[in-house]
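**Student:** If it helps, the file is called run_0.cif and holds mmCIF, C-alpha atoms:
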data_coords
#
loop_
_atom_site.label_atom_id
_atom_site.label_comp_id
_atom_site.auth_asym_id
_atom_site.auth_seq_id
_atom_site.Cartn_x
_atom_site.Cartn_y
_atom_site.Cartn_z
CA MET N 3 109.06 11.90 88.78
CA THR N 4 108.33 12.37 85.11
CA GLY N 5 110.72 13.10 82.32
CA THR N 6 111.07 16.51 80.76
CA PRO N 7 109.24 17.11 77.44
CA VAL N 8 112.56 17.22 75.62
CA ALA N 9 113.56 13.90 77.04
CA ALA N 10 110.20 12.38 76.12
CA ALA N 11 110.66 13.42 72.52
CA ILE N 12 113.92 11.60 72.05
CA SER N 13 114.70 7.92 72.40
CA GLY N 14 115.02 6.31 75.80
CA ARG N 15 118.75 5.74 75.65
CA GLU N 16 119.49 9.26 74.51
CA ALA N 17 117.32 10.55 77.32
CA ASP N 18 119.20 8.32 79.75
CA GLY N 19 122.50 9.67 78.47
CA LEU N 20 121.36 13.27 78.88
CA THR N 21 120.00 12.60 82.34
CA THR N 22 123.09 10.81 83.61
CA THR N 23 125.33 13.59 82.30
CA ALA N 24 123.12 16.20 83.96
CA VAL N 25 123.09 14.31 87.26
CA LYS N 26 126.86 13.99 87.27
CA ALA N 27 127.29 17.68 86.50
CA LEU N 28 124.85 18.70 89.24
CA ARG N 29 126.61 16.53 91.78
CA ALA N 30 129.96 17.97 90.79
CA GLU N 31 128.56 21.45 91.41
CA GLY N 32 127.25 20.36 94.79
CA ARG N 33 123.60 20.79 93.81
CA GLN N 34 122.56 17.53 95.40
CA ALA N 35 118.83 18.15 95.61
CA GLU N 36 118.58 18.90 91.89
CA ALA N 37 120.74 15.88 91.10
CA ARG N 38 118.36 13.70 93.07
CA ASP N 39 115.38 15.11 91.23
CA ARG N 40 116.97 14.40 87.86
CA TYR N 41 117.95 10.92 88.97
CA ALA N 42 114.33 10.28 89.90
CA GLU N 43 113.56 10.51 86.17
CA LEU N 44 115.90 7.60 85.54
CA VAL N 45 114.31 5.65 88.37
CA ALA N 46 110.84 6.20 86.95
CA ARG N 47 111.95 5.11 83.47
CA HIS N 48 113.66 1.89 84.54
CA GLN N 49 112.05 0.69 87.74
CA ARG N 50 109.30 -1.42 86.17
CA ARG N 51 111.71 -3.29 83.96
CA ALA N 52 114.13 -3.65 86.86
CA GLY N 53 111.35 -5.04 89.02
CA ARG N 54 110.46 -7.65 86.39
CA ILE N 55 114.06 -8.81 86.05
CA ALA N 56 114.60 -8.99 89.80
CA TYR N 57 111.30 -10.79 90.27
CA HIS N 58 112.21 -13.48 87.75
CA TYR N 59 115.53 -13.97 89.46
CA LEU N 60 114.30 -14.00 93.04
CA HIS N 61 110.66 -15.21 92.74
CA ASP N 62 109.69 -12.98 95.65
CA ALA N 63 108.17 -9.54 95.20
CA ALA N 64 109.44 -8.10 98.50
CA GLU N 65 112.99 -9.27 97.92
CA ALA N 66 112.87 -8.10 94.32
CA ASP N 67 111.71 -4.70 95.57
CA GLU N 68 114.70 -4.47 97.90
CA ALA N 69 117.08 -5.62 95.17
CA VAL N 70 115.79 -2.90 92.84
CA GLN N 71 116.19 -0.24 95.55
CA ASP N 72 119.71 -1.41 96.30
CA ALA N 73 120.63 -1.32 92.63
CA PHE N 74 119.32 2.23 92.13
CA VAL N 75 121.08 3.50 95.24
CA LYS N 76 124.30 1.78 94.25
CA ALA N 77 124.09 3.15 90.72
CA TYR N 78 123.61 6.68 92.10
CA SER N 79 126.54 6.43 94.48
CA HIS N 80 128.80 5.05 91.73
CA LEU N 81 127.54 7.28 88.96
CA GLU N 82 130.94 8.94 88.68
CA SER N 83 132.38 5.66 87.40
CA PHE N 84 129.72 5.41 84.67
CA ARG N 85 131.21 6.36 81.33
CA ASP N 86 129.18 8.71 79.18
CA GLY N 87 128.17 7.18 75.89
CA LEU N 88 127.46 3.74 77.29
CA PRO N 89 123.81 2.72 77.67
CA PHE N 90 122.69 3.39 81.22
CA ASP N 91 120.20 0.51 81.15
CA VAL N 92 122.93 -2.03 80.35
CA TRP N 93 125.17 -0.70 83.12
CA PHE N 94 122.32 -0.53 85.60
CA THR N 95 120.93 -3.96 84.71
CA ARG N 96 124.33 -5.48 85.30
CA ILE N 97 124.40 -3.96 88.79
CA LEU N 98 120.91 -5.30 89.39
CA ILE N 99 121.70 -8.81 88.19
CA ASN N 100 124.85 -8.96 90.31
CA GLY N 101 122.80 -7.87 93.31
CA CYS N 102 120.17 -10.52 92.59
CA LEU N 103 122.83 -13.22 92.27
CA ASP N 104 124.33 -12.13 95.60
CA ARG N 105 120.92 -12.37 97.19
CA ILE N 106 120.36 -15.84 95.75
CA LYS N 107 123.71 -16.96 97.16
CA ALA N 108 122.89 -15.47 100.56
CA ARG N 109 119.48 -17.10 100.52
CA THR N 110 120.98 -20.48 99.64
CA ARG N 111 123.40 -20.16 102.55
CA ARG N 112 120.57 -19.13 104.86
CA GLU N 113 118.25 -21.94 103.80
CA ARG N 114 121.00 -24.43 104.49
CA TRP N 115 120.57 -23.63 108.19
CA ILE N 116 117.05 -22.28 108.54
CA GLN N 117 113.94 -24.13 107.49
CA PRO N 118 111.48 -21.70 105.89
CA VAL N 119 108.23 -21.52 107.86
CA GLY N 120 105.83 -20.71 105.07
CA ASP N 121 105.65 -19.55 101.50
CA ALA N 122 105.84 -15.77 101.87
CA ALA N 123 105.94 -15.26 98.14
CA SER N 124 102.56 -16.89 97.63
CA GLY N 125 100.86 -14.53 100.10
CA GLU N 126 102.44 -11.58 98.38
CA ARG N 127 101.32 -12.90 95.05
CA ASP N 128 97.76 -13.35 96.20
CA LEU N 129 97.56 -9.74 97.33
CA SER N 130 99.01 -8.42 94.10
CA GLU N 131 96.68 -10.60 92.10
CA ARG N 132 93.71 -9.33 94.03
CA ILE N 133 94.80 -5.80 93.27
CA ALA N 134 95.36 -6.52 89.60
CA SER N 135 92.33 -8.75 89.01
CA HIS N 136 89.55 -6.35 88.20
CA GLY N 137 89.56 -6.91 84.39
CA PRO N 138 88.75 -10.48 83.37
CA SER N 139 86.11 -12.78 84.84
CA PRO N 140 87.01 -14.95 87.83
CA GLU N 141 87.29 -18.04 85.64
CA GLU N 142 89.57 -16.31 83.17
CA ALA N 143 91.63 -14.86 85.98
CA LEU N 144 91.95 -18.27 87.58
CA LEU N 145 93.01 -19.88 84.31
CA ALA N 146 95.50 -17.12 83.59
CA GLN N 147 96.86 -17.42 87.11
CA GLU N 148 97.23 -21.18 86.75
CA ARG N 149 98.93 -20.80 83.40
CA ARG N 150 101.36 -18.22 84.78
CA ARG N 151 102.20 -20.45 87.68
CA THR N 152 102.87 -23.35 85.36
CA ILE N 153 105.16 -21.25 83.22
CA ALA N 154 106.93 -19.77 86.23
CA ALA N 155 107.45 -23.26 87.62
CA ALA N 156 108.86 -24.45 84.30
CA LEU N 157 111.12 -21.41 84.14
CA ALA N 158 112.34 -22.08 87.65
CA ARG N 159 113.45 -25.55 86.55
CA LEU N 160 115.85 -24.11 83.99
CA PRO N 161 119.53 -23.79 84.89
CA GLU N 162 120.43 -20.31 86.08
CA ARG N 163 122.16 -19.11 82.93
CA GLN N 164 119.45 -20.41 80.64
CA ARG N 165 116.84 -18.73 82.79
CA SER N 166 118.72 -15.43 82.79
CA VAL N 167 119.20 -15.46 79.05
CA PHE N 168 115.59 -16.41 78.40
CA VAL N 169 114.17 -13.75 80.72
CA LEU N 170 116.38 -11.00 79.32
CA SER N 171 115.77 -11.86 75.71
CA GLN N 172 112.19 -13.11 75.68
CA VAL N 173 110.63 -11.17 78.55
CA GLU N 174 112.66 -7.95 78.38
CA GLY N 175 113.21 -7.99 74.62
CA CYS N 176 116.98 -7.58 74.74
CA THR N 177 119.01 -8.49 71.69
CA SER N 178 121.62 -11.21 72.03
CA ARG N 179 124.29 -8.52 71.96
CA GLU N 180 122.63 -6.75 74.87
CA VAL N 181 122.20 -10.02 76.75
CA SER N 182 125.89 -10.65 76.11
CA ALA N 183 126.78 -7.25 77.57
CA LEU N 184 124.51 -7.79 80.55
CA THR N 185 125.62 -11.27 81.45
CA GLY N 186 129.23 -11.19 80.28
CA LEU N 187 128.67 -14.22 78.03
CA ASN N 188 129.64 -14.44 74.34
CA GLU N 189 126.91 -13.82 71.84
CA SER N 190 127.20 -17.34 70.50
CA THR N 191 126.97 -18.69 74.07
CA VAL N 192 123.89 -16.57 74.62
CA ARG N 193 122.26 -18.14 71.57
CA VAL N 194 123.14 -21.63 72.71
CA HIS N 195 121.66 -20.99 76.17
CA LEU N 196 118.58 -19.49 74.61
CA PHE N 197 118.13 -22.42 72.27
CA ARG N 198 118.46 -24.90 75.14
CA ALA N 199 116.09 -22.89 77.31
CA ILE N 200 113.43 -22.85 74.60
CA ARG N 201 113.82 -26.54 73.92
CA LYS N 202 113.51 -27.41 77.59
CA LEU N 203 110.52 -25.15 78.12
CA ARG N 204 108.85 -26.69 75.08
CA THR N 205 109.42 -30.12 76.61
CA LEU N 206 108.19 -29.05 80.05
CA LEU N 207 105.16 -27.09 78.91
CA GLY N 208 104.26 -28.82 75.64
CA PRO N 209 102.92 -26.98 72.57
CA GLU N 210 99.63 -26.26 74.40
CA GLY N 211 101.30 -25.45 77.69
CA ALA N 212 100.99 -21.72 77.29
CA GLN N 213 98.52 -20.36 74.81
CA PRO N 214 99.14 -16.70 74.11
CA LEU N 215 96.76 -14.23 75.68
CA GLU N 216 94.65 -12.26 73.21
CA ALA N 217 95.19 -8.98 74.98
CA THR N 218 98.95 -9.24 75.32
CA HIS N 219 99.80 -10.22 71.80
CA GLU N 220 100.75 -6.92 70.27
CA GLY N 221 104.42 -6.82 71.20
CA LYS N 222 106.48 -9.52 69.50
CA ARG N 223 110.08 -9.71 70.46
CA ARG N 224 112.89 -11.17 68.46
CA VAL N 225 116.44 -11.88 69.38
CA THR N 226 118.71 -10.53 66.72
CA SER N 227 122.33 -9.59 66.84
CA MET R 7 103.22 -36.45 69.18
CA SER R 8 101.84 -39.69 67.79
CA LEU R 9 103.77 -41.99 65.51
CA LEU R 10 101.50 -41.11 62.57
CA GLU R 11 102.13 -37.42 63.09
CA HIS R 12 105.82 -38.08 63.36
CA LEU R 13 105.85 -40.07 60.13
CA GLY R 14 103.69 -37.46 58.44
CA ARG R 15 106.18 -34.74 59.37
CA ARG R 16 109.22 -36.56 58.08
CA GLY R 17 111.18 -34.15 55.98
CA HIS R 18 109.62 -31.17 57.77
CA LEU R 19 111.20 -29.06 60.51
CA SER R 20 110.97 -30.23 64.12
CA ASP R 21 110.47 -28.10 67.24
CA ARG R 22 114.19 -28.31 67.88
CA GLN R 23 114.88 -26.90 64.41
CA PHE R 24 112.29 -24.19 64.96
CA ALA R 25 114.11 -23.21 68.13
CA ARG R 26 117.39 -23.11 66.24
CA VAL R 27 115.87 -21.04 63.44
CA TRP R 28 114.26 -18.68 65.96
CA THR R 29 117.45 -18.12 67.96
CA GLU R 30 119.59 -17.58 64.87
CA ASP R 31 118.34 -15.57 61.95
CA GLY R 32 114.84 -16.86 61.36
CA ARG R 33 115.74 -18.08 57.85
CA ASP R 34 115.72 -21.64 56.61
CA PRO R 35 115.41 -22.78 52.97
CA HIS R 36 112.81 -25.42 53.82
CA LEU R 37 110.85 -22.99 55.95
CA GLN R 38 110.75 -20.50 53.10
CA ALA R 39 109.35 -23.12 50.72
CA CYS R 40 107.04 -25.21 52.93
CA PRO R 41 103.63 -23.72 53.83
CA ASP R 42 103.01 -26.46 56.41
CA CYS R 43 106.25 -25.63 58.24
CA GLN R 44 105.50 -21.91 57.96
CA SER R 45 102.17 -22.47 59.65
CA ARG R 46 103.74 -24.59 62.38
CA TYR R 47 106.52 -22.06 62.83
CA GLN R 48 103.95 -19.32 63.35
CA GLN R 49 102.34 -21.45 66.06
CA PHE R 50 105.74 -21.96 67.59
CA THR R 51 106.55 -18.25 67.68
CA ALA R 52 103.08 -17.52 69.04
CA TRP R 53 103.65 -20.05 71.82
CA LEU R 54 106.99 -18.48 72.63
CA ASP R 55 105.53 -14.99 72.66
CA GLY R 56 102.74 -16.28 74.88
CA VAL R 57 105.24 -17.60 77.39
CA GLY R 58 107.06 -14.27 77.38
CA ASP R 59 103.83 -12.32 77.76
CA ASP R 60 102.69 -14.48 80.64
CA LEU R 61 105.97 -14.04 82.45
CA HIS R 62 105.77 -10.31 81.74
CA ALA R 63 102.25 -10.10 83.14
CA ASP R 64 103.19 -12.21 86.15
CA ALA R 65 106.01 -9.85 87.11
CA ASP R 66 103.91 -6.77 86.43
CA ALA R 67 101.20 -8.11 88.71
CA ALA R 68 103.77 -8.39 91.49
CA PHE R 69 104.63 -4.70 91.05
CA PRO R 70 101.41 -2.67 90.96
CA ALA R 71 101.51 1.11 90.61
CA GLU R 72 101.24 1.65 94.38
CA ARG R 73 104.28 -0.47 94.99
CA LEU R 74 106.25 1.35 92.32
CA ALA R 75 105.34 4.71 93.83
CA ALA R 76 106.41 3.52 97.28
CA GLN R 77 109.60 2.22 95.78
CA GLN R 78 110.40 5.60 94.22
CA ILE R 79 109.90 7.32 97.56
CA GLN R 80 112.04 4.78 99.31
CA ILE R 81 114.86 5.15 96.78
CA ALA R 82 114.76 8.94 97.10
CA ARG R 83 114.89 8.63 100.88
CA ARG R 84 117.83 6.28 100.79
CA ILE R 85 119.77 8.50 98.39
CA ASP R 86 119.05 11.46 100.64
CA ALA R 87 120.34 9.47 103.61
CA LEU R 88 123.52 8.73 101.68
CA GLU R 89 124.26 12.42 101.39
CA HIS R 90 123.16 13.30 104.91
CA PRO R 91 124.48 10.59 107.16
CA VAL R 92 122.51 10.05 110.34
CA ARG R 93 123.58 11.81 113.54
CA ILE R 94 124.46 9.48 116.34
CA LEU R 95 123.18 10.76 119.66
CA ALA R 96 125.40 9.80 122.56
CA PHE R 97 123.79 8.08 125.47
CA PRO R 98 124.70 8.51 128.26
CA ARG R 99 126.33 11.88 127.80
CA ALA R 100 129.20 11.25 130.27
CA ALA R 101 130.05 7.96 128.59
CA ARG R 102 130.42 9.70 125.26
CA ALA R 103 132.87 12.23 126.71
CA VAL R 104 135.03 9.48 128.10
CA ILE R 105 134.84 7.27 125.03
CA ALA R 106 135.15 10.01 122.47
CA GLY R 107 138.28 11.48 124.12
CA GLN R 108 138.35 14.51 121.88
CA SER R 109 140.11 16.72 124.47
CA HIS R 110 143.89 16.41 124.69
CA ALA R 111 143.88 17.78 128.23
CA ARG R 112 141.67 14.90 129.34
CA ARG R 113 144.05 12.43 127.80
CA TRP R 114 147.01 14.02 129.56
CA VAL R 115 145.21 14.06 132.89
CA ALA R 116 144.29 10.41 132.52
CA ALA R 117 147.85 9.49 131.53
CA ALA R 118 149.32 11.45 134.45
CA ALA R 119 146.92 9.80 136.87
CA ALA R 120 147.83 6.37 135.58
CA ALA R 121 151.57 7.16 135.77
CA SER R 122 151.24 8.50 139.33
CA PHE R 123 149.35 5.43 140.38
CA ILE R 124 151.99 3.11 138.96
CA ALA R 125 154.82 5.19 140.47
CA GLY R 126 153.08 5.15 143.85
CA ILE R 127 152.79 1.39 143.81
CA GLY R 128 156.47 1.11 142.85
CA ILE R 129 157.66 3.43 145.60
CA GLY R 130 155.45 1.67 148.12
CA GLN R 131 157.00 -1.64 147.20
CA MET R 132 160.53 -0.22 147.57
CA LEU R 133 159.80 1.23 151.01
CA ASP R 134 158.35 -2.03 152.22
CA LEU R 135 161.48 -3.79 151.07
CA ARG R 136 163.70 -1.36 153.02
CA HIS R 137 161.72 -1.97 156.18
CA ALA R 138 161.88 -5.68 155.58
CA THR R 139 165.69 -5.61 155.29
CA ALA R 140 166.18 -3.32 158.34
CA LEU R 141 164.12 -5.44 160.77
CA PRO R 142 165.20 -8.94 161.86
CA PRO R 143 163.27 -11.82 160.48
CA ALA R 144 159.92 -12.27 162.12
CA SER R 145 160.66 -15.82 163.30
CA VAL R 146 163.88 -14.76 165.10
CA THR R 147 162.10 -11.89 166.89
CA ALA R 148 159.32 -14.14 168.03
CA ASP R 149 161.73 -16.74 169.42
CA ALA R 150 163.76 -14.16 171.35
CA HIS R 151 160.62 -12.65 172.81
CA LEU R 152 159.38 -16.08 173.87
CA ALA R 153 162.73 -16.95 175.56
CA SER R 154 162.92 -13.70 177.49
CA THR R 155 159.32 -14.10 178.57
CA THR R 156 159.87 -17.61 179.97
CA ALA R 157 163.17 -16.68 181.67
CA SER R 158 161.71 -13.77 183.54
CA ALA R 159 158.44 -15.39 184.33
CA HIS R 160 159.59 -16.36 187.83
CA ALA R 161 160.68 -12.93 188.96
CA ILE R 162 157.71 -11.05 187.64
CA GLY R 163 156.37 -10.00 191.01
CA VAL R 164 159.62 -8.27 192.13
CA ARG R 165 160.53 -6.81 188.85
CA THR R 166 157.19 -5.16 188.29
CA VAL R 167 157.81 -2.68 191.05
CA ALA R 168 161.35 -1.98 189.84
CA ALA R 169 160.14 -1.44 186.33
CA SER R 170 157.49 0.96 187.53
CA ALA R 171 160.14 3.03 189.38
CA PHE R 172 162.26 3.03 186.25
CA ASP R 173 159.34 4.22 184.17
CA GLU R 174 158.69 7.04 186.61
CA ASP R 175 162.33 8.17 186.38
CA PHE R 176 162.07 8.11 182.70
CA LEU R 177 158.88 10.13 182.66
CA MET R 178 160.20 12.68 185.15
CA SER R 179 163.65 12.98 183.55
CA ASP R 180 162.66 15.97 181.51
CA GLY R 181 162.49 18.37 184.39
CA ASP R 182 163.19 21.32 182.22
CA THR R 183 159.95 20.84 180.46
CA LEU R 184 158.02 21.12 183.69
CA ALA R 185 160.02 24.19 184.72
CA ARG R 186 158.95 26.13 181.70
CA PRO R 187 156.69 29.05 182.56
CA ARG R 188 154.05 28.25 179.98
CA ILE R 189 153.05 25.07 181.82
CA ALA R 190 153.26 26.62 185.29
CA GLY R 191 149.49 26.59 185.44
CA LEU R 192 149.57 22.82 185.47
CA ARG R 193 151.76 22.65 188.57
CA ALA R 194 148.78 22.81 190.93
CA ILE R 195 147.26 19.78 189.28
CA ASP R 196 150.62 18.10 189.36
CA ASP R 197 150.97 18.68 193.08
CA LEU R 198 147.56 17.16 193.74
CA THR R 199 148.38 14.03 191.78
CA PRO R 200 150.03 11.25 193.86
CA ARG R 201 153.39 10.23 192.46
CA ALA R 202 154.29 6.64 191.65
CA ARG R 203 157.61 6.91 193.49
CA ASP R 204 155.84 7.89 196.75
CA LEU R 205 153.46 4.99 196.38
CA VAL R 206 156.33 2.55 195.84
CA GLU R 207 158.23 3.82 198.89
CA ARG R 208 155.10 3.66 201.02
CA ALA R 209 154.45 0.14 199.92
CA SER R 210 158.01 -0.98 200.65
CA ARG R 211 157.79 0.32 204.21
#
As structure tokens, please, write out the structure in this file.
**Tutor:**
Amino acid sequence: MTGTPVAAAISGREADGLTTTAVKALRAEGRQAEARDRYAELVARHQRRAGRIAYHYLHDAAEADEAVQDAFVKAYSHLESFRDGLPFDVWFTRILINGCLDRIKARTRRERWIQPVGDAASGERDLSERIASHGPSPEEALLAQERRRTIAAALARLPERQRSVFVLSQVEGCTSREVSALTGLNESTVRVHLFRAIRKLRTLLGPEGAQPLEATHEGKRRVTS
Amino acid sequence: MSLLEHLGRRGHLSDRQFARVWTEDGRDPHLQACPDCQSRYQQFTAWLDGVGDDLHADADAAFPAERLAAQQIQIARRIDALEHPVRILAFPRAARAVIAGQSHARRWVAAAAAASFIAGIGIGQMLDLRHATALPPASVTADAHLASTTASAHAIGVRTVAASAFDEDFLMSDGDTLARPRIAGLRAIDDLTPRARDLVERASR
């Protein structure tokens, strides 16, 4: 599931455009197996980012996993309606976000009637943290884990739109124009939501609430139009 | 923030203004000129990047490489299933044939059977009605039978013999039948059998 050398040499969006065109052409010719193989390249390129977005929406790794799968399958089955020239990631992320919102609605309806027995997400988290925690010392890992939980809890207290805008712009590095395309909000509205989200997080976490990690400081993201 | 800090920062940019500057264009005349605010703004952006990085790392930890690989396989499988829909095996086999109803002949046979059944019920009802109209009402028949029974109850002993003679005449009226050659072999048995008329005459003597 790796991209071709040609695709690796060009930018991600151009590669996406080439791949989607190729997949559509292969499907039109009835070469389904080859179309699936080419589509797997798109999956490999976008699944990590898709997983992050879904995880921040749903706060549950298993449900986020399902939401990502659903979004990729849906995108494949509706690929004919995707217009060439548009960024695939924007189109796909919109499908994903809509799916996540549907799941949140369904979950809200479900929880109105069914009392959850235990925190499934925490068990999942513990396993993933055990898998991932072979770098720093136990104390550092514990502190990092605590800090992440604090931030995640603060993020969860934001209104839905503010949270979406903050995650897309600050975690995924989307520009306000891209966030606007993904969420359907105006660019100015995106900026207002982002401003309010930052202000609220600053209040909830405080200036010392989340000190940046040394190792993860190389990529700075900015929201520009 | 203490009161002293607050007073000391009067005229400088607040966190709220930093957020506004960050979300807009990152330019502010005071920020350009004030080294103190520049330093604080750097801390602010570092804090914000730290929050983003932590959230990033948190989500990445939830999706390790093994999970991503399994996810890829699962997506490929589901797409494959989209193109090759699952075959539904009928169980039991006979039930499928009846339910599926793909054969037109079977449909016609079933329809004809149903029509015949309904027609049979209808005809049966009509015949019953005819019989009902031809016969007298059941209550009238019962009353007449009861009256005749009570009226003749006294003369039963005499009439029994007469009725038996009448029955014998009736049975023997078809003499031609007995005269037919094909039942001539039965005559010997007939001769051996005592006749009811003889018995009645003997009794009356």
**Student:** Just need the residues of chain R within 9 Å of chain N, counting all atoms listed in the file, so spit them out as a ChimeraX atom specification.
**Tutor:** /R:21-22,25-26,28-31,49-70,73-75,77-78,80-82,84-86,88-89
**Student:** As an exercise, work out the distance from CA of Ser83 in chain N to CA of Glu162 in chain N in Å and give it to one decimal place.
**Tutor:**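 Going from CA of Ser83 in chain N over to CA of Glu162 in chain N covers 28.6 Å.
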**Student:** What is the distance, in Å and to one decimal place, between CA of Leu170 in chain N and CA of Gly186 in chain N?
**Tutor:**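 Interatomic distance, CA of Leu170 in chain N to CA of Gly186 in chain N: 12.9 Å.
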**Student:** Between CA of Leu44 in chain N and CA of Phe90 in chain N, what distance in Å does the model show, to one decimal?
**Tutor:** 9.1 Å
**Student:** Fewer than 5 positions away in the same chain doesn't count, so skip those; otherwise give me all residues within 8 Å of range 42-46 of chain R, counting only C-alpha atoms, as a PyMOL selection string.
**Tutor:** chain R and resi 18-19+36-37
**Student:** As a check of understanding, name the residues that the PyMOL selection byres ((chain N and resi 95-112) around 7) selects in the supplied structure, as number ranges by chain.
**Tutor:** N: 56, 59-60, 69-70, 73, 91-94, 113-116, 184
